[in-house]
file target_38.cif (mmCIF, C-alpha atoms and all ligand atoms)
data_upload
loop_
_atom_site.label_atom_id
_atom_site.label_comp_id
_atom_site.auth_asym_id
_atom_site.auth_seq_id
_atom_site.Cartn_x
_atom_site.Cartn_y
_atom_site.Cartn_z
CA MET A 1 80.64 -15.61 82.57
CA SER A 2 83.56 -17.86 81.78
CA ILE A 3 86.26 -18.06 84.48
CA ILE A 4 89.94 -17.13 84.18
CA SER A 5 91.90 -20.26 83.38
CA GLU A 6 95.32 -19.06 82.23
CA VAL A 7 97.73 -16.23 83.04
CA GLU A 8 100.89 -15.47 81.04
CA VAL A 9 103.58 -12.97 82.05
CA TYR A 10 106.01 -11.65 79.42
CA PRO A 11 109.08 -9.60 80.43
CA LEU A 12 110.01 -7.43 77.43
CA ASN A 13 112.80 -5.11 76.32
CA ILE A 14 111.51 -2.53 73.83
CA PRO A 15 114.14 -0.45 71.97
CA PHE A 16 114.28 3.34 72.27
CA ILE A 17 114.68 5.50 69.15
CA ARG A 18 115.84 8.59 71.06
CA THR A 19 117.40 9.33 74.44
CA PHE A 20 115.09 10.02 77.37
CA LYS A 21 116.91 11.04 80.54
CA ILE A 22 115.51 12.41 83.80
CA SER A 23 117.32 13.84 86.81
CA ARG A 24 117.66 10.40 88.42
CA GLY A 25 118.86 8.46 85.36
CA TYR A 26 117.79 7.02 82.04
CA ILE A 27 114.24 6.08 81.12
CA GLY A 28 115.79 4.68 77.94
CA ALA A 29 118.03 5.46 74.99
CA PRO A 30 119.23 3.81 71.79
CA GLY A 31 121.06 0.73 73.14
CA LYS A 32 119.26 1.06 76.52
CA PRO A 33 115.83 -0.52 75.91
CA GLY A 34 112.80 0.13 78.07
CA GLU A 35 111.76 -2.64 80.45
CA HIS A 36 108.10 -3.63 80.21
CA VAL A 37 106.00 -6.54 81.46
CA TYR A 38 102.98 -7.69 79.47
CA LEU A 39 100.27 -9.65 81.25
CA LYS A 40 97.85 -11.89 79.33
CA ILE A 41 94.74 -13.15 81.10
CA VAL A 42 92.73 -15.85 79.31
CA THR A 43 89.29 -17.29 80.14
CA LYS A 44 88.15 -20.88 79.62
CA ASP A 45 86.19 -19.67 76.57
CA GLY A 46 89.37 -18.23 75.04
CA GLU A 47 88.70 -14.51 75.64
CA VAL A 48 91.94 -12.57 76.20
CA GLY A 49 92.75 -9.45 78.25
CA TRP A 50 96.08 -7.60 78.14
CA GLY A 51 97.84 -5.48 80.77
CA GLU A 52 101.19 -3.70 80.85
CA ALA A 53 103.55 -2.66 83.64
CA ARG A 54 106.46 -0.33 82.96
CA PRO A 55 108.93 -0.71 85.87
CA ASN A 56 111.75 1.78 86.02
CA PRO A 57 113.82 1.62 89.21
CA SER A 58 115.41 5.03 88.58
CA TRP A 59 111.87 6.42 89.00
CA MET A 60 110.36 3.95 91.55
CA TYR A 61 111.54 0.78 93.26
CA GLU A 62 109.77 -1.89 91.20
CA THR A 63 111.95 -3.76 88.69
CA ILE A 64 111.19 -5.98 85.69
CA GLU A 65 112.16 -8.96 87.89
CA SER A 66 109.96 -7.93 90.83
CA VAL A 67 106.94 -7.29 88.58
CA TYR A 68 107.48 -10.69 86.92
CA THR A 69 107.78 -12.65 90.17
CA THR A 70 104.94 -10.69 91.81
CA LEU A 71 102.59 -11.53 88.96
CA LYS A 72 103.76 -15.15 88.56
CA LYS A 73 104.00 -16.21 92.20
CA TYR A 74 101.51 -14.04 94.11
CA VAL A 75 98.91 -12.74 91.67
CA THR A 76 98.33 -15.64 89.27
CA PRO A 77 96.84 -17.89 92.02
CA ILE A 78 94.39 -15.08 92.87
CA LEU A 79 93.28 -14.74 89.24
CA ILE A 80 92.82 -18.40 88.32
CA GLY A 81 89.18 -19.54 88.70
CA LYS A 82 87.78 -16.01 89.15
CA SER A 83 85.26 -14.32 86.88
CA PRO A 84 86.67 -11.36 84.88
CA SER A 85 83.83 -9.29 86.37
CA ASP A 86 85.27 -9.74 89.88
CA ILE A 87 87.62 -6.76 89.47
CA ASN A 88 86.91 -5.29 92.92
CA LYS A 89 87.34 -8.69 94.60
CA ILE A 90 90.60 -9.41 92.76
CA LEU A 91 92.04 -5.98 93.64
CA MET A 92 91.05 -6.52 97.30
CA GLU A 93 92.67 -9.98 97.39
CA MET A 94 95.84 -8.57 95.79
CA ASP A 95 96.00 -5.99 98.59
CA GLN A 96 95.47 -8.76 101.17
CA LYS A 97 98.31 -10.81 99.66
CA LEU A 98 100.66 -7.85 98.96
CA THR A 99 99.80 -5.52 101.79
CA PRO A 100 100.00 -1.79 101.21
CA VAL A 101 101.87 0.01 104.00
CA VAL A 102 102.46 3.73 103.56
CA SER A 103 102.82 3.05 99.83
CA SER A 104 100.50 1.11 97.55
CA GLY A 105 102.56 -2.14 97.62
CA GLN A 106 103.81 -3.23 94.15
CA PRO A 107 101.54 -0.71 92.41
CA PHE A 108 102.98 -1.19 88.91
CA ALA A 109 102.37 -4.95 88.96
CA LYS A 110 98.85 -4.43 90.32
CA SER A 111 98.15 -1.85 87.63
CA ALA A 112 98.90 -4.40 84.88
CA VAL A 113 96.27 -6.70 86.42
CA ASP A 114 93.73 -3.88 86.69
CA ILE A 115 94.24 -2.95 83.01
CA ALA A 116 94.08 -6.57 81.77
CA LEU A 117 90.84 -7.25 83.68
CA HIS A 118 89.16 -4.16 82.23
CA ASP A 119 90.33 -5.14 78.73
CA LEU A 120 88.98 -8.66 79.26
CA LEU A 121 85.64 -7.60 80.74
CA GLY A 122 85.15 -5.01 78.00
CA LYS A 123 85.72 -7.65 75.33
CA ILE A 124 83.32 -10.09 76.99
CA LEU A 125 80.60 -7.42 77.32
CA GLY A 126 81.36 -5.98 73.86
CA VAL A 127 82.07 -2.43 75.10
CA PRO A 128 85.20 -0.25 75.20
CA ILE A 129 86.90 0.44 78.54
CA HIS A 130 85.72 4.05 78.51
CA THR A 131 82.11 2.79 78.44
CA LEU A 132 82.80 0.37 81.32
CA ILE A 133 83.90 3.32 83.47
CA GLY A 134 81.11 5.72 82.61
CA GLY A 135 81.79 6.94 79.07
CA LYS A 136 84.21 9.27 77.34
CA LEU A 137 83.85 13.06 77.40
CA THR A 138 85.95 13.47 74.26
CA ASP A 139 86.76 11.50 71.09
CA TYR A 140 90.43 12.54 71.08
CA VAL A 141 92.90 12.96 73.94
CA GLU A 142 95.56 15.62 73.32
CA MET A 143 99.16 14.79 74.22
CA SER A 144 102.00 17.01 75.45
CA ALA A 145 105.48 16.66 73.96
CA LEU A 146 108.14 15.29 76.30
CA ILE A 147 111.35 17.29 75.95
CA SER A 148 114.51 15.80 77.47
CA GLY A 149 117.98 16.89 76.38
CA THR A 150 120.74 19.48 76.64
CA VAL A 151 120.80 23.26 76.21
CA ASP A 152 121.97 22.60 72.63
CA THR A 153 119.17 20.15 71.72
CA VAL A 154 115.92 20.98 73.56
CA GLY A 155 114.99 23.99 71.39
CA ASP A 156 115.27 22.17 68.07
CA TYR A 157 113.40 19.13 69.37
CA ALA A 158 110.60 21.30 70.80
CA LYS A 159 110.33 23.08 67.44
CA GLU A 160 110.14 19.70 65.68
CA MET A 161 107.32 18.61 68.01
CA LYS A 162 105.49 21.93 67.56
CA ASP A 163 105.64 21.36 63.80
CA ARG A 164 104.04 17.96 64.42
CA GLY A 165 101.11 19.70 66.15
CA TYR A 166 102.03 19.79 69.84
CA ARG A 167 101.17 22.87 71.96
CA PHE A 168 102.35 21.76 75.41
CA PHE A 169 105.95 20.87 76.25
CA LYS A 170 106.88 18.90 79.33
CA LEU A 171 110.51 19.79 79.96
CA LYS A 172 112.68 17.58 82.15
CA ILE A 173 114.92 19.66 84.40
CA MET A 174 117.93 18.21 86.18
CA GLY A 175 118.59 19.97 89.51
CA ASP A 176 121.10 22.72 88.66
CA PRO A 177 119.35 26.13 88.78
CA GLU A 178 121.64 27.78 86.22
CA ILE A 179 121.58 24.93 83.67
CA ASP A 180 117.83 24.41 84.12
CA PHE A 181 117.27 28.15 83.56
CA GLN A 182 119.26 27.83 80.32
CA LEU A 183 117.22 24.77 79.26
CA ILE A 184 113.95 26.68 79.71
CA ASN A 185 115.27 29.68 77.75
CA ALA A 186 116.65 27.46 74.98
CA LEU A 187 113.17 25.96 74.51
CA ILE A 188 111.43 29.35 74.50
CA GLU A 189 113.97 30.77 72.03
CA LYS A 190 112.85 28.22 69.41
CA VAL A 191 109.15 28.01 70.42
CA PRO A 192 108.20 31.42 71.87
CA ASP A 193 104.52 30.51 72.45
CA ALA A 194 105.30 27.15 74.13
CA LYS A 195 103.30 26.27 77.21
CA ILE A 196 105.88 24.67 79.49
CA TRP A 197 105.27 22.03 82.13
CA LEU A 198 108.47 21.64 84.18
CA ASP A 199 109.24 18.26 85.75
CA ALA A 200 112.21 18.04 88.14
CA ASN A 201 111.66 14.38 89.14
CA GLN A 202 112.68 15.14 92.77
CA ALA A 203 116.00 16.78 91.78
CA TYR A 204 115.89 19.74 94.21
CA ASN A 205 115.20 20.55 97.83
CA SER A 206 113.03 23.52 98.75
CA TYR A 207 116.10 25.78 99.18
CA THR A 208 117.82 24.93 95.88
CA PHE A 209 114.54 25.11 94.00
CA SER A 210 113.86 28.56 95.44
CA LEU A 211 117.07 29.67 93.65
CA LEU A 212 115.56 28.53 90.33
CA LEU A 213 112.21 30.10 91.23
CA ARG A 214 113.88 33.53 91.50
CA LYS A 215 115.34 33.16 88.00
CA ILE A 216 112.12 31.99 86.31
CA ASN A 217 109.66 34.25 88.10
CA ASP A 218 108.89 36.38 85.03
CA ILE A 219 108.56 33.53 82.51
CA ASP A 220 104.85 33.38 81.68
CA ASN A 221 105.29 30.30 79.44
CA ILE A 222 105.57 28.13 82.56
CA VAL A 223 102.19 26.68 83.51
CA VAL A 224 103.10 24.21 86.26
CA ILE A 225 106.05 22.79 88.22
CA GLU A 226 105.96 19.07 88.90
CA GLN A 227 107.68 17.22 91.74
CA PRO A 228 110.54 19.64 92.49
CA VAL A 229 111.48 17.82 95.74
CA PRO A 230 111.80 14.17 96.85
CA THR A 231 108.81 11.83 97.02
CA TYR A 232 108.64 11.93 100.82
CA ASP A 233 109.13 15.71 101.20
CA PHE A 234 105.54 16.90 101.58
CA LEU A 235 106.75 19.85 103.69
CA GLY A 236 109.10 20.90 100.89
CA LEU A 237 106.18 20.90 98.43
CA LYS A 238 104.22 23.05 100.85
CA ARG A 239 107.09 25.53 101.35
CA LEU A 240 107.54 25.88 97.59
CA ARG A 241 103.82 26.24 97.02
CA GLU A 242 103.85 29.21 99.40
CA LYS A 243 106.81 30.80 97.55
CA SER A 244 105.92 30.04 93.94
CA ARG A 245 103.64 32.01 91.66
CA PHE A 246 103.42 28.83 89.53
CA PRO A 247 101.19 25.93 90.57
CA ILE A 248 103.00 23.01 92.22
CA ALA A 249 102.05 19.44 91.23
CA ALA A 250 102.79 16.06 92.85
CA ASP A 251 103.75 12.97 90.86
CA GLU A 252 106.17 10.68 92.75
CA SER A 253 104.59 11.91 96.04
CA LEU A 254 101.18 10.55 95.07
CA PHE A 255 100.23 6.97 94.20
CA SER A 256 96.85 6.71 95.91
CA HIS A 257 93.90 8.61 97.39
CA HIS A 258 95.54 8.08 100.79
CA ASP A 259 98.57 10.10 99.65
CA LEU A 260 96.27 12.79 98.25
CA LEU A 261 94.40 13.08 101.53
CA LYS A 262 97.66 13.89 103.36
CA LEU A 263 98.80 16.36 100.70
CA VAL A 264 95.42 18.15 100.81
CA TRP A 265 95.39 18.20 104.60
CA MET A 266 98.82 19.86 104.49
CA ASP A 267 97.74 22.23 101.70
CA ALA A 268 100.93 21.18 99.89
CA ILE A 269 99.83 21.07 96.21
CA ASP A 270 97.71 22.83 93.60
CA MET A 271 97.69 20.00 91.07
CA LEU A 272 98.43 16.30 90.75
CA VAL A 273 99.62 13.94 88.04
CA LEU A 274 97.49 10.86 87.41
CA LYS A 275 99.22 7.84 85.89
CA ILE A 276 97.47 4.55 85.20
CA ALA A 277 100.93 2.91 85.45
CA LYS A 278 101.19 3.84 89.14
CA SER A 279 97.55 3.74 90.28
CA GLY A 280 95.71 1.42 87.88
CA ILE A 281 92.22 2.28 86.62
CA LYS A 282 90.27 1.86 89.88
CA THR A 283 92.61 3.80 92.18
CA SER A 284 93.01 6.55 89.57
CA HIS A 285 89.27 7.10 89.88
CA LYS A 286 89.49 7.24 93.67
CA ILE A 287 92.22 9.88 93.37
CA TYR A 288 90.23 11.78 90.74
CA SER A 289 87.09 11.88 92.89
CA LEU A 290 88.97 13.12 95.96
CA ALA A 291 90.79 15.70 93.80
CA GLU A 292 87.44 16.94 92.49
CA ALA A 293 86.05 17.22 96.00
CA THR A 294 89.08 19.12 97.29
CA GLY A 295 89.67 21.44 94.33
CA ILE A 296 92.95 19.91 93.14
CA ALA A 297 93.42 20.03 89.36
CA CYS A 298 94.40 16.79 87.60
CA MET A 299 96.95 16.34 84.86
CA GLY A 300 97.60 13.04 83.08
CA SER A 301 100.87 11.32 82.32
CA GLY A 302 102.48 7.92 81.83
CA MET A 303 105.68 5.92 82.12
CA THR A 304 106.62 5.73 78.43
CA GLU A 305 104.45 2.64 78.10
CA SER A 306 103.89 0.85 74.82
CA GLY A 307 100.45 0.35 73.27
CA VAL A 308 98.58 -1.44 76.08
CA GLY A 309 99.49 1.09 78.79
CA LEU A 310 99.09 3.98 76.36
CA LEU A 311 95.56 2.96 75.40
CA ALA A 312 94.52 2.19 78.98
CA SER A 313 95.62 5.75 79.87
CA THR A 314 93.81 7.19 76.86
CA HIS A 315 90.53 5.48 77.81
CA VAL A 316 90.71 6.68 81.41
CA PHE A 317 91.79 10.26 80.62
CA SER A 318 88.99 10.54 78.02
CA THR A 319 86.46 10.12 80.86
CA MET A 320 87.95 12.85 83.07
CA ASN A 321 88.32 16.60 83.22
CA ILE A 322 92.11 16.78 82.72
CA VAL A 323 93.45 20.35 82.69
CA ALA A 324 96.40 20.06 80.25
CA PRO A 325 97.35 17.81 77.32
CA VAL A 326 98.51 14.49 78.78
CA ASP A 327 102.11 13.31 78.79
CA THR A 328 101.74 9.82 77.32
CA ASN A 329 105.00 9.77 75.43
CA GLY A 330 105.53 6.13 74.34
CA PRO A 331 104.87 7.09 70.68
CA GLN A 332 107.75 9.63 70.84
CA PHE A 333 110.40 7.29 72.18
CA LEU A 334 109.62 3.62 71.55
CA LYS A 335 110.57 1.81 68.35
CA ASP A 336 107.41 -0.28 68.56
CA LEU A 337 104.10 0.04 70.42
CA LEU A 338 103.26 -3.68 69.87
CA ILE A 339 99.68 -3.00 68.81
CA SER A 340 97.59 -2.37 65.71
CA GLY A 341 94.49 -0.22 65.40
CA LEU A 342 95.95 2.91 67.00
CA GLU A 343 95.04 6.27 65.44
CA ILE A 344 97.25 9.29 66.17
CA ASN A 345 96.92 12.61 64.31
CA GLY A 346 99.66 14.99 65.41
CA ALA A 347 99.24 15.42 69.15
CA MET A 348 95.74 13.89 69.16
CA ILE A 349 95.16 10.24 70.02
CA LYS A 350 91.80 8.73 69.10
CA VAL A 351 89.85 7.07 71.90
CA PRO A 352 88.98 3.62 70.51
CA ASP A 353 85.35 2.47 70.44
CA LYS A 354 86.02 -1.23 69.91
CA PRO A 355 85.64 -3.59 72.90
CA GLY A 356 88.17 -3.51 75.76
CA LEU A 357 91.28 -1.49 74.99
CA GLY A 358 90.01 -1.33 71.41
CA ILE A 359 93.29 -2.31 69.81
CA LYS A 360 94.96 -5.59 68.88
CA VAL A 361 98.17 -6.74 70.58
CA LYS A 362 100.69 -8.08 68.04
CA GLU A 363 101.64 -11.35 69.71
CA ASP A 364 104.50 -11.93 67.27
CA LYS A 365 106.02 -8.66 68.53
CA VAL A 366 105.53 -9.74 72.15
CA GLU A 367 107.56 -12.86 71.30
CA GLU A 368 110.17 -10.77 69.44
CA TYR A 369 110.86 -8.44 72.40
CA LYS A 370 110.56 -11.12 75.10
CA VAL A 371 113.60 -11.60 77.36
CA THR A 372 114.58 -14.33 79.81
CA LEU A 373 115.04 -13.12 83.37
CA ASN A 374 117.58 -14.53 85.78
CA VAL A 375 115.13 -15.11 88.66
MG MG B 1 106.73 13.23 86.65
#
call {"tool": "encode", "arguments": {"input": "target_38.cif", "output": "structure tokens", "more": "lines below"}}
Ligand SMILES: [Mg+2]
result
Amino acid sequence: MSIISEVEVYPLNIPFIRTFKISRGYIGAPGKPGEHVYLKIVTKDGEVGWGEARPNPSWMYETIESVYTTLKKYVTPILIGKSPSDINKILMEMDQKLTPVVSSGQPFAKSAVDIALHDLLGKILGVPIHTLIGGKLTDYVEMSALISGTVDTVGDYAKEMKDRGYRFFKLKIMGDPEIDFQLINALIEKVPDAKIWLDANQAYNSYTFSLLLRKINDIDNIVVIEQPVPTYDFLGLKRLREKSRFPIAADESLFSHHDLLKLVWMDAIDMLVLKIAKSGIKTSHKIYSLAEATGIACMGSGMTESGVGLLASTHVFSTMNIVAPVDTNGPQFLKDLLISGLEINGAMIKVPDKPGLGIKVKEDKVEEYKVTLNV
């Protein structure tokens, strides 16, 4: 197999077509583009693999600059001269160079590498990523609608998404029990049969969230509550799990199988949120296997990635037993996904069967959205 001879890193700003705000700040909005990093890995024979990282420091500490310098300075020398089939070896060497401590150590940057290598290996072997990792269970992956807005806007937007074919609604709540209660009711008023997945993005502590729990106790539309308390507050998750009649899920508290082991040992969660953006393809499988063994249900989500991250997520989720429609919401918010060959029908995204990611990256668009970083 031809060796890797070239690595390109592209920092990008991709415009948002509608506002997406979480409790800790903006993911993006018109005039506030999303920050992405595309990674292109090329072999001596000219085969190309693509990866994407979607840093967002209001969600997690990595930035567009740190992902860029991590990939350029520390990861590129590991990749050059290796075979694309050396995925395990490359991931191990990345962890030797950028040592995980109690977190995964630059997980977003490492995820871009993991995705690009699977895309590249799939293309060389002539098989889609889902085949590389054991084969898809489904031809289409169903998506949830991401609802972020005010009491005046969330109902109408949820109704619009329902009319487009969505059944599940992931509602971003902000940390004020009264306003969040109103947000939930405003959504249900316009979509009475909505299945609601609440995501607080760490906005509460276990006391303030218990105030919201009292208000929402009778609302059967709610199917799960995600990350009500800060990333480090495993005890808070556990306290709320004991109080809540709704399942409690971890997102920002869980990047790896090591995190899951601690959460299971503490009996702190019912469910978890897998994201290829935070765990890559290989570590997502480690988490999934441990979740299966310990009876934790898996949901799937993303970081509002464009096409490369979206399709990597779609391939992986198609191979797993995921319990709710996945929240891969790039198509809802981004002006451009930078790829061709994507098929979406309503809430259903087709799992590609062409080699690698199974789509084509539009390199002219990568050039168009490229930015120069001051590093
Ligand atoms: Mg989340």
call {"tool": "residues_near_ligand", "arguments": {"input": "target_38.cif", "ligand": "ligand MG 1 (chain B)", "cutoff": "6 Å", "atoms": "only C-alpha atoms and all ligand atoms", "output": "PyMOL selection string"}}
result
chain A and resi 199+201+251
call {"tool": "write_last_selection", "arguments": {"input": "target_38.cif", "atoms": "C-alpha atoms", "output": "JSON list (two decimals), in the coordinates of the input"}}
result
[["chain", "number", "residue", "atom", "x", "y", "z"],
["A", 199, "ASP", "CA", 109.24, 18.26, 85.75],
["A", 201, "ASN", "CA", 111.66, 14.38, 89.14],
["A", 251, "ASP", "CA", 103.75, 12.97, 90.86]]
call {"tool": "closest_residue", "arguments": {"input": "target_38.cif", "among": "A:Glu292, A:Glu252, A:Glu343, A:Glu8", "to": "A:Val37", "atoms": "only C-alpha atoms"}}
result
A:Glu8
call {"tool": "axis_aligned_box", "arguments": {"input": "target_38.cif", "around": "stretch 279-298 of chain A", "padding_each_side": "4 Å", "output": "lines of an AutoDock Vina configuration file"}}
result
center_x = 91.8
center_y = 11.4
center_z = 92.0
size_x = 19.5
size_y = 28.0
size_z = 18.7
call {"tool": "residues_around", "arguments": {"input": "target_38.cif", "residues": "A:Ile184", "least_positions_apart": "6", "cutoff": "10 Å", "atoms": "only C-alpha atoms", "output": "PyMOL selection string"}}
result
chain A and resi 151+154-155+171-173+196+198+216+219+221-222
call {"tool": "residues_around", "arguments": {"input": "target_38.cif", "residues": "A:Glu368", "least_positions_apart": "5", "cutoff": "10 Å", "atoms": "all atoms listed in the file", "output": "number ranges by chain"}}
result
A: 12-14, 338, 362-363
call {"tool": "atom_distance", "arguments": {"input": "target_38.cif", "atom1": "atom CA of A:Met266", "atom2": "atom CA of A:Val229"}}
result
15.5 Å
call {"tool": "build_atoms", "arguments": {"input": "target_38.cif", "residues": "stretch 33-59 of chain A", "atoms": "N, CA and C atoms", "output": "mmCIF file, in the coordinates of the input"}}
result
data_model
loop_
_atom_site.group_PDB
_atom_site.id
_atom_site.type_symbol
_atom_site.label_atom_id
_atom_site.label_comp_id
_atom_site.auth_asym_id
_atom_site.auth_seq_id
_atom_site.Cartn_x
_atom_site.Cartn_y
_atom_site.Cartn_z
ATOM 1 N N PRO A 33 117.277 -0.330 76.134
ATOM 2 C CA PRO A 33 115.830 -0.520 75.910
ATOM 3 C C PRO A 33 115.004 -0.290 77.167
ATOM 4 N N GLY A 34 113.737 0.011 76.959
ATOM 5 C CA GLY A 34 112.800 0.130 78.070
ATOM 6 C C GLY A 34 112.385 -1.245 78.561
ATOM 7 N N GLU A 35 112.187 -1.361 79.874
ATOM 8 C CA GLU A 35 111.760 -2.640 80.450
ATOM 9 C C GLU A 35 110.259 -2.606 80.697
ATOM 10 N N HIS A 36 109.557 -3.569 80.127
ATOM 11 C CA HIS A 36 108.100 -3.630 80.210
ATOM 12 C C HIS A 36 107.712 -5.050 80.624
ATOM 13 N N VAL A 37 106.541 -5.201 81.214
ATOM 14 C CA VAL A 37 106.000 -6.540 81.460
ATOM 15 C C VAL A 37 104.583 -6.577 80.911
ATOM 16 N N TYR A 38 104.336 -7.493 79.989
ATOM 17 C CA TYR A 38 102.980 -7.690 79.470
ATOM 18 C C TYR A 38 102.325 -8.842 80.235
ATOM 19 N N LEU A 39 101.054 -8.642 80.535
ATOM 20 C CA LEU A 39 100.270 -9.650 81.250
ATOM 21 C C LEU A 39 99.101 -10.060 80.360
ATOM 22 N N LYS A 40 98.958 -11.376 80.166
ATOM 23 C CA LYS A 40 97.850 -11.890 79.330
ATOM 24 C C LYS A 40 96.964 -12.766 80.210
ATOM 25 N N ILE A 41 95.704 -12.383 80.299
ATOM 26 C CA ILE A 41 94.740 -13.150 81.100
ATOM 27 C C ILE A 41 93.746 -13.791 80.141
ATOM 28 N N VAL A 42 93.565 -15.114 80.263
ATOM 29 C CA VAL A 42 92.730 -15.850 79.310
ATOM 30 C C VAL A 42 91.618 -16.578 80.066
ATOM 31 N N THR A 43 90.389 -16.543 79.517
ATOM 32 C CA THR A 43 89.290 -17.290 80.140
ATOM 33 C C THR A 43 89.176 -18.676 79.490
ATOM 34 N N LYS A 44 88.388 -19.519 80.132
ATOM 35 C CA LYS A 44 88.150 -20.880 79.620
ATOM 36 C C LYS A 44 87.577 -20.848 78.201
ATOM 37 N N ASP A 45 86.775 -19.796 77.907
ATOM 38 C CA ASP A 45 86.190 -19.670 76.570
ATOM 39 C C ASP A 45 87.153 -19.096 75.542
ATOM 40 N N GLY A 46 88.366 -18.742 75.972
ATOM 41 C CA GLY A 46 89.370 -18.230 75.040
ATOM 42 C C GLY A 46 89.372 -16.727 74.861
ATOM 43 N N GLU A 47 88.607 -15.976 75.697
ATOM 44 C CA GLU A 47 88.700 -14.510 75.640
ATOM 45 C C GLU A 47 90.026 -14.078 76.282
ATOM 46 N N VAL A 48 90.607 -12.986 75.745
ATOM 47 C CA VAL A 48 91.940 -12.570 76.200
ATOM 48 C C VAL A 48 91.922 -11.112 76.648
ATOM 49 N N GLY A 49 92.556 -10.832 77.800
ATOM 50 C CA GLY A 49 92.750 -9.450 78.250
ATOM 51 C C GLY A 49 94.240 -9.178 78.421
ATOM 52 N N TRP A 50 94.670 -7.955 78.049
ATOM 53 C CA TRP A 50 96.080 -7.600 78.140
ATOM 54 C C TRP A 50 96.299 -6.468 79.135
ATOM 55 N N GLY A 51 97.412 -6.569 79.897
ATOM 56 C CA GLY A 51 97.840 -5.480 80.770
ATOM 57 C C GLY A 51 99.321 -5.215 80.548
ATOM 58 N N GLU A 52 99.770 -4.040 80.981
ATOM 59 C CA GLU A 52 101.190 -3.700 80.850
ATOM 60 C C GLU A 52 101.672 -3.022 82.125
ATOM 61 N N ALA A 53 102.857 -3.405 82.574
ATOM 62 C CA ALA A 53 103.550 -2.660 83.640
ATOM 63 C C ALA A 53 104.840 -2.129 83.040
ATOM 64 N N ARG A 54 105.270 -0.956 83.530
ATOM 65 C CA ARG A 54 106.460 -0.330 82.960
ATOM 66 C C ARG A 54 107.400 0.046 84.103
ATOM 67 N N PRO A 55 108.037 -1.000 84.737
ATOM 68 C CA PRO A 55 108.930 -0.710 85.870
ATOM 69 C C PRO A 55 110.140 0.084 85.430
ATOM 70 N N ASN A 56 110.547 1.008 86.297
ATOM 71 C CA ASN A 56 111.750 1.780 86.020
ATOM 72 C C ASN A 56 112.358 2.188 87.360
ATOM 73 N N PRO A 57 113.331 1.390 87.846
ATOM 74 C CA PRO A 57 113.820 1.620 89.210
ATOM 75 C C PRO A 57 114.526 2.959 89.426
ATOM 76 N N SER A 58 114.872 3.678 88.344
ATOM 77 C CA SER A 58 115.410 5.030 88.580
ATOM 78 C C SER A 58 114.266 6.006 88.853
ATOM 79 N N TRP A 59 113.039 5.572 88.694
ATOM 80 C CA TRP A 59 111.870 6.420 89.000
ATOM 81 C C TRP A 59 111.168 5.911 90.268
#
